[in-house]
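> Encoded as structure tokens, here's the structure I'll be asking about.
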Amino acid sequence: MKNKIGLPVGVLLILAWCLLPVAWIISLSFKSQTAITNGSPGFFPASGDGAGWQNYADVLANDQFRRAIINSIGISLIATTLSVLIATLAAYAIARLEFRGKKLVLTMALVIAMFPVVSLVGPLFDLWRAVGLYDTWPGLIIPYLSFTLPLAIWTLSAFFREIPWEMEQAAQVDGATSWQAFRRVIVPLAAPGVFTAAILTFFFAWNDFVFGISLTSTEAARPIPASLSFFVGSDPFNRPASLLAAGAVISTIPIVIIILLFQRKIVAGLTSGAVKG
Amino acid sequence: MTIQAERPAHREKPRSGKPVASDRMRAEARLGQRLVAPAIVLMLLVTAFPMLRALYLSLFNYSLTAPDDREFIGLGNYGVALSDPLFWKTTGVTVLYMVVTVGFELVIGFAFAMVMHRVIFARGIIRTSILIPYGIITVVSGFAWQFAFSFQNGFVNNWLPGISENFNWFGETTPAVIAIMVSEIWKTTPFMSLLLLAGLAQVSEDMIEAAKVDGATWTQRLVKVILPNMRAAIMVAVLFRALDAYRIFDNIFVMTAGAVNTESISFLTYRQTIEQFQIGIGSALSVLLFLSVILIAFLIVKIFRVDLADARQEK
């Protein structure tokens, strides 16, 4: 009986928890910059404090931020592609083949996933400057690969273990060539897992901050999170909150699109690596 | 078979029966090792090598501002770090962040998981919304909450009863730490709730129903049936989140930049190496940070007896 009212209330609480801060940052992005400088408390812009799309126009007109968007998209996509490719090979071997060192790979992946990233940036900073990778795209892609591989390997090997591999032989018995059997039978079965791993990898790369601020110094490679944190405006003691909010909303759009399209897959991937549901 | 029977001492891996490896098995092993090699190389390149280098550099008095004055001082940097009250204070603050955020996330995340487990309508909408905090950039979450708590442009002071409109959350340690924790908890609770939801789905409904028939109250069913049966899921979630929370960095950087004693151990390490170019002492801090993460992982695994293989359902 209690549940009848409790459940909808619970649902509303979850929605409020998840969406209220998002609504807040959107609302903030529509406050005018003068209103921010003078102080404009309140959830919604007060009357006369609205700025329309001005903040978005200003942020997109900012050269550094535009570069950051390109950097983030480029670096994240390349890192995701390579990571998933390499992880697929490894996960296939782990799920399908018997070889020594299999446990070692999984353990190593787990240890690296728990590694304190900050303890690496000092030496990496030093090393990258010595070999000329500092402030370049590859300089960020390589660490992203190392830190997304564990996640991708665990997710993919959990997925691959569920695939009924006998179907490949069954197709061959039915007269398919081995390429056809792979292409028509195995690829469609493996694709959802690969796809899920790609999404999780992309999220990691898109979200990274520590490498982004430590291993870059100019807009040549600086990704969005780092760029946002260095976006100070004219007065360093009063940050241009509404401009930053507009930048924040823009940086969240790709994430929201991915979530809207693939929510089911993401949930499956998130839980398959750790606990199977 | 006979060879195995003669050597009963080899018990660790009864399945691999190594002595008579056929060509096919050897080829399979070679292929397997070749397929995992690129992943291993990449993972080690950015972790093992820099870590060893940090270990080496931590033995020197070395600063990028005066690179020629580099000298070997043995464990001197560790002595400096471990005898500095700042190190212990930041470690204390970091442990506080970890314990409080993981505690809140566990309770709220479990409540969310219970709701999601029972609900039959609007599942798509809930799933979409719950993934948004998970997917959002941590820096963006930090900004959103920093501005929300700001007395100049935020709404929290207006909404919270008993808080003056001009209260500055970032002027003192306690409120600033609370603000940072709120951002951290907001962003990571959904992840926790999804892991717990997966665990909840594994608890058999029949068992809960049986307990109900036997007259167990709601609390008894929760404590005696549901929680023990999803222990593995809870422990894996706690382990992952605790290690993640111990590395807290982004929110602190964005919200306070370490001011008013909100600095975590990650932030201190970053400040020494990247901002002040003190590679020697910074490397020592890196090593200590790494060791403390291992210690925490070890403690959680030992105290709660987490079996990761069990969590993956490897039999």
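Residues are named by chain letter and number: chains run A, B, ... in the order of the structure tokens, numbers start at 1 in each chain, and ligands are numbered from 1 in the order shown.
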If you count only C-alpha atoms, which residues fall within 12 Å of A:Glu219, apart from same-chain ones fewer than 3 positions away, as a VMD selection string?
chain A and resid 62 to 72 135 to 137 212 to 213 215 to 216 222 to 224 226 to 228 230 to 231
> Would you save the residues of that selection, restricted to N, CA and C atoms, as a CSV table (one decimal), in the first residue's frame?

chain,number,residue,atom,x,y,z
A,62,ASN,N,34.7,32.3,-29.6
A,62,ASN,CA,36.0,32.2,-28.9
A,62,ASN,C,36.9,31.2,-29.6
A,63,ASP,N,38.0,31.6,-30.1
A,63,ASP,CA,38.9,30.8,-30.9
A,63,ASP,C,39.4,29.6,-30.1
A,64,GLN,N,39.8,29.8,-28.9
A,64,GLN,CA,40.4,28.8,-28.0
A,64,GLN,C,39.3,27.7,-27.8
A,65,PHE,N,38.1,28.1,-27.5
A,65,PHE,CA,37.1,27.1,-27.2
A,65,PHE,C,36.7,26.3,-28.5
A,66,ARG,N,36.7,27.0,-29.6
A,66,ARG,CA,36.4,26.2,-30.8
A,66,ARG,C,37.5,25.2,-31.1
A,67,ARG,N,38.7,25.6,-30.9
A,67,ARG,CA,39.8,24.6,-31.0
A,67,ARG,C,39.7,23.4,-30.1
A,68,ALA,N,39.3,23.8,-28.8
A,68,ALA,CA,39.1,22.7,-27.8
A,68,ALA,C,38.1,21.7,-28.2
A,69,ILE,N,37.0,22.2,-28.8
A,69,ILE,CA,36.0,21.3,-29.3
A,69,ILE,C,36.5,20.3,-30.3
A,70,ILE,N,37.3,20.9,-31.3
A,70,ILE,CA,37.9,20.0,-32.3
A,70,ILE,C,38.9,19.1,-31.7
A,71,ASN,N,39.7,19.6,-30.8
A,71,ASN,CA,40.7,18.7,-30.1
A,71,ASN,C,40.0,17.5,-29.4
A,72,SER,N,38.9,17.9,-28.7
A,72,SER,CA,38.2,16.8,-27.9
A,72,SER,C,37.6,15.8,-28.8
A,135,ASP,N,52.0,18.4,-25.5
A,135,ASP,CA,51.1,19.4,-26.2
A,135,ASP,C,50.8,18.9,-27.6
A,136,THR,N,50.7,17.6,-27.8
A,136,THR,CA,50.2,17.1,-29.2
A,136,THR,C,49.1,16.2,-29.0
A,137,TRP,N,48.4,15.9,-30.1
A,137,TRP,CA,47.3,14.9,-30.0
A,137,TRP,C,47.7,13.5,-29.5
A,212,GLY,N,44.6,16.1,-19.5
A,212,GLY,CA,44.3,17.3,-20.4
A,212,GLY,C,45.0,18.5,-19.9
A,213,ILE,N,45.0,18.8,-18.6
A,213,ILE,CA,45.7,20.0,-18.1
A,213,ILE,C,47.2,19.8,-18.0
A,215,LEU,N,49.4,17.7,-19.7
A,215,LEU,CA,50.2,17.3,-20.8
A,215,LEU,C,50.0,18.3,-22.0
A,216,THR,N,49.2,19.3,-21.8
A,216,THR,CA,49.1,20.3,-22.9
A,216,THR,C,49.4,21.7,-22.3
A,222,ARG,N,44.7,21.1,-26.3
A,222,ARG,CA,43.9,21.2,-25.1
A,222,ARG,C,42.5,20.8,-25.3
A,223,PRO,N,42.0,19.8,-24.6
A,223,PRO,CA,40.6,19.4,-24.7
A,223,PRO,C,39.6,20.2,-23.9
A,224,ILE,N,38.3,20.0,-24.2
A,224,ILE,CA,37.3,20.9,-23.6
A,224,ILE,C,37.4,21.0,-22.1
A,226,ALA,N,39.8,20.9,-19.9
A,226,ALA,CA,40.9,21.8,-19.5
A,226,ALA,C,40.7,23.2,-20.0
A,227,SER,N,40.1,23.3,-21.2
A,227,SER,CA,39.9,24.6,-21.8
A,227,SER,C,38.9,25.4,-20.9
A,228,LEU,N,37.8,24.7,-20.5
A,228,LEU,CA,36.8,25.3,-19.6
A,228,LEU,C,37.4,25.8,-18.3
A,230,PHE,N,40.4,26.8,-17.7
A,230,PHE,CA,41.3,27.9,-17.9
A,230,PHE,C,40.6,29.1,-18.5
A,231,PHE,N,39.3,29.0,-18.6
A,231,PHE,CA,38.5,30.1,-19.2
A,231,PHE,C,38.2,31.1,-18.1
> Going by DSSP on the backbone, which bits of stretch 13-257 of chain B are helix (DSSP H, G or I)? Write them as an NGL selection string, please.
:B and (23-57 or 67-69 or 76-83 or 85-118 or 123-135 or 138-149 or 156-159 or 173-200 or 205-213 or 218-229 or 231-246 or 250-255)
> Using only C-alpha atoms, which of the listed residues (A:Gly74, A:Gly101, A:Pro41, A:Pro254) sits closest to B:Phe151?
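Between A:Gly74, A:Gly101, A:Pro41, A:Pro254, the residue approaching B:Phe151 most closely is A:Pro41.
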> Near B:Val46, within 8 Å and counting only C-alpha atoms, which residues show up once chain neighbours fewer than 5 positions away are dropped, as a ChimeraX atom specification?
/A:120,124,142-143,146
> As a list in words, which residues of stretch 34-181 of chain B does DSSP assign to strand (DSSP E or B)?
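Restricting stretch 34-181 of chain B to strand (DSSP E or B) produces Phe60, Asn61, Glu71 and Phe72 of chain B.
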> Please provide the set of residues having any atom within 9 Å of stretch 170-172 of chain B, restricted to only C-alpha atoms, with same-chain residues fewer than 4 positions apart removed, written as a short mmCIF file (atom, residue, chain, number, x, y, z; two decimals) with C-alpha atoms, in the first residue's frame.

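The result, written out as part_9.cif:
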data_model
loop_
_atom_site.label_atom_id
_atom_site.label_comp_id
_atom_site.auth_asym_id
_atom_site.auth_seq_id
_atom_site.Cartn_x
_atom_site.Cartn_y
_atom_site.Cartn_z
CA GLN B 146 30.23 25.89 -7.61
CA PHE B 149 26.58 27.38 -4.08
CA SER B 150 27.85 30.85 -5.01
CA ALA B 176 33.75 24.13 0.99
CA VAL B 177 34.39 20.43 1.60
CA ALA B 179 30.14 21.64 -1.60
CA MET B 255 35.65 24.48 -7.20
CA THR B 256 38.32 25.71 -4.78
CA ALA B 259 42.07 26.79 -1.13
CA VAL B 260 40.88 26.74 2.51
CA ASN B 261 42.41 23.32 3.20
#
> What is the atom CA of B:Ala245 to atom CA of B:Arg123 distance in Å?
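Interatomic distance here is 28.8 Å.
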> Given only C-alpha atoms as the basis, pick out the residue of B:Leu86, B:Ile265, B:Ala39, B:Val203 nearest to chain A.
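Nearest to chain A: B:Ala39.
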> Closest to B:Leu45 among A:Leu243, A:Ala152, A:Ile86, A:Leu145, using only C-alpha atoms?
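Once distances to B:Leu45 are computed over only C-alpha atoms, the minimum belongs to A:Leu145.
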> Residues near stretch 209-212 of chain B, anyone? I mean within 12 Å using only C-alpha atoms, not counting same-chain ones fewer than 3 positions away, as a list in words.
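Contacts, with the query itself left out: Val203, Ser204, Glu205, Asp206, Gly215, Ala216, Thr217, Trp218, Thr219, Gln220, Arg221, Leu222, Val223, Lys224, Val225 and Ile226 of chain B.
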> Find the residues around stretch 64-77 of chain B up to 8 Å (only C-alpha atoms counted), leave out those fewer than 5 positions away in its own chain, and share them as a count of residues only.
8
> With distances taken over only C-alpha atoms, which of A:Ser83, A:Arg96, A:Pro123, A:Thr196 is nearest to A:Trp165?
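Among the listed residues, A:Arg96 lies closest to A:Trp165.
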> Could you state the separation of atom CA of A:Lys31 and atom CA of A:Ile258 in Å, given to one decimal place?
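That distance, rounded to one decimal, is 27.5 Å.
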> Show which residues sit within 8 Å of stretch 88-92 of chain B, as JSON, numbers by chain. Count only C-alpha atoms, and ignore same-chain residues fewer than 6 positions away.
{"B": [82, 261, 262, 263, 264, 265, 268]}
> I'd like the interatomic distance between atom CA of B:Val36 and atom CA of A:Leu89, to a tenth of an Å.
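Atom CA of B:Val36 sits 6.6 Å away from atom CA of A:Leu89.
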> Could you check which of A:Ile153, A:Val210, A:Ile36, A:Ala245 is closest to A:Gly122, using only C-alpha atoms?
A:Val210
> Using only C-alpha atoms, pick whichever of B:Thr101, B:Thr174, B:Thr188, B:Ser266 has the shortest atom-to-atom distance to chain A.
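Of all the options, B:Ser266 lies closest to chain A.
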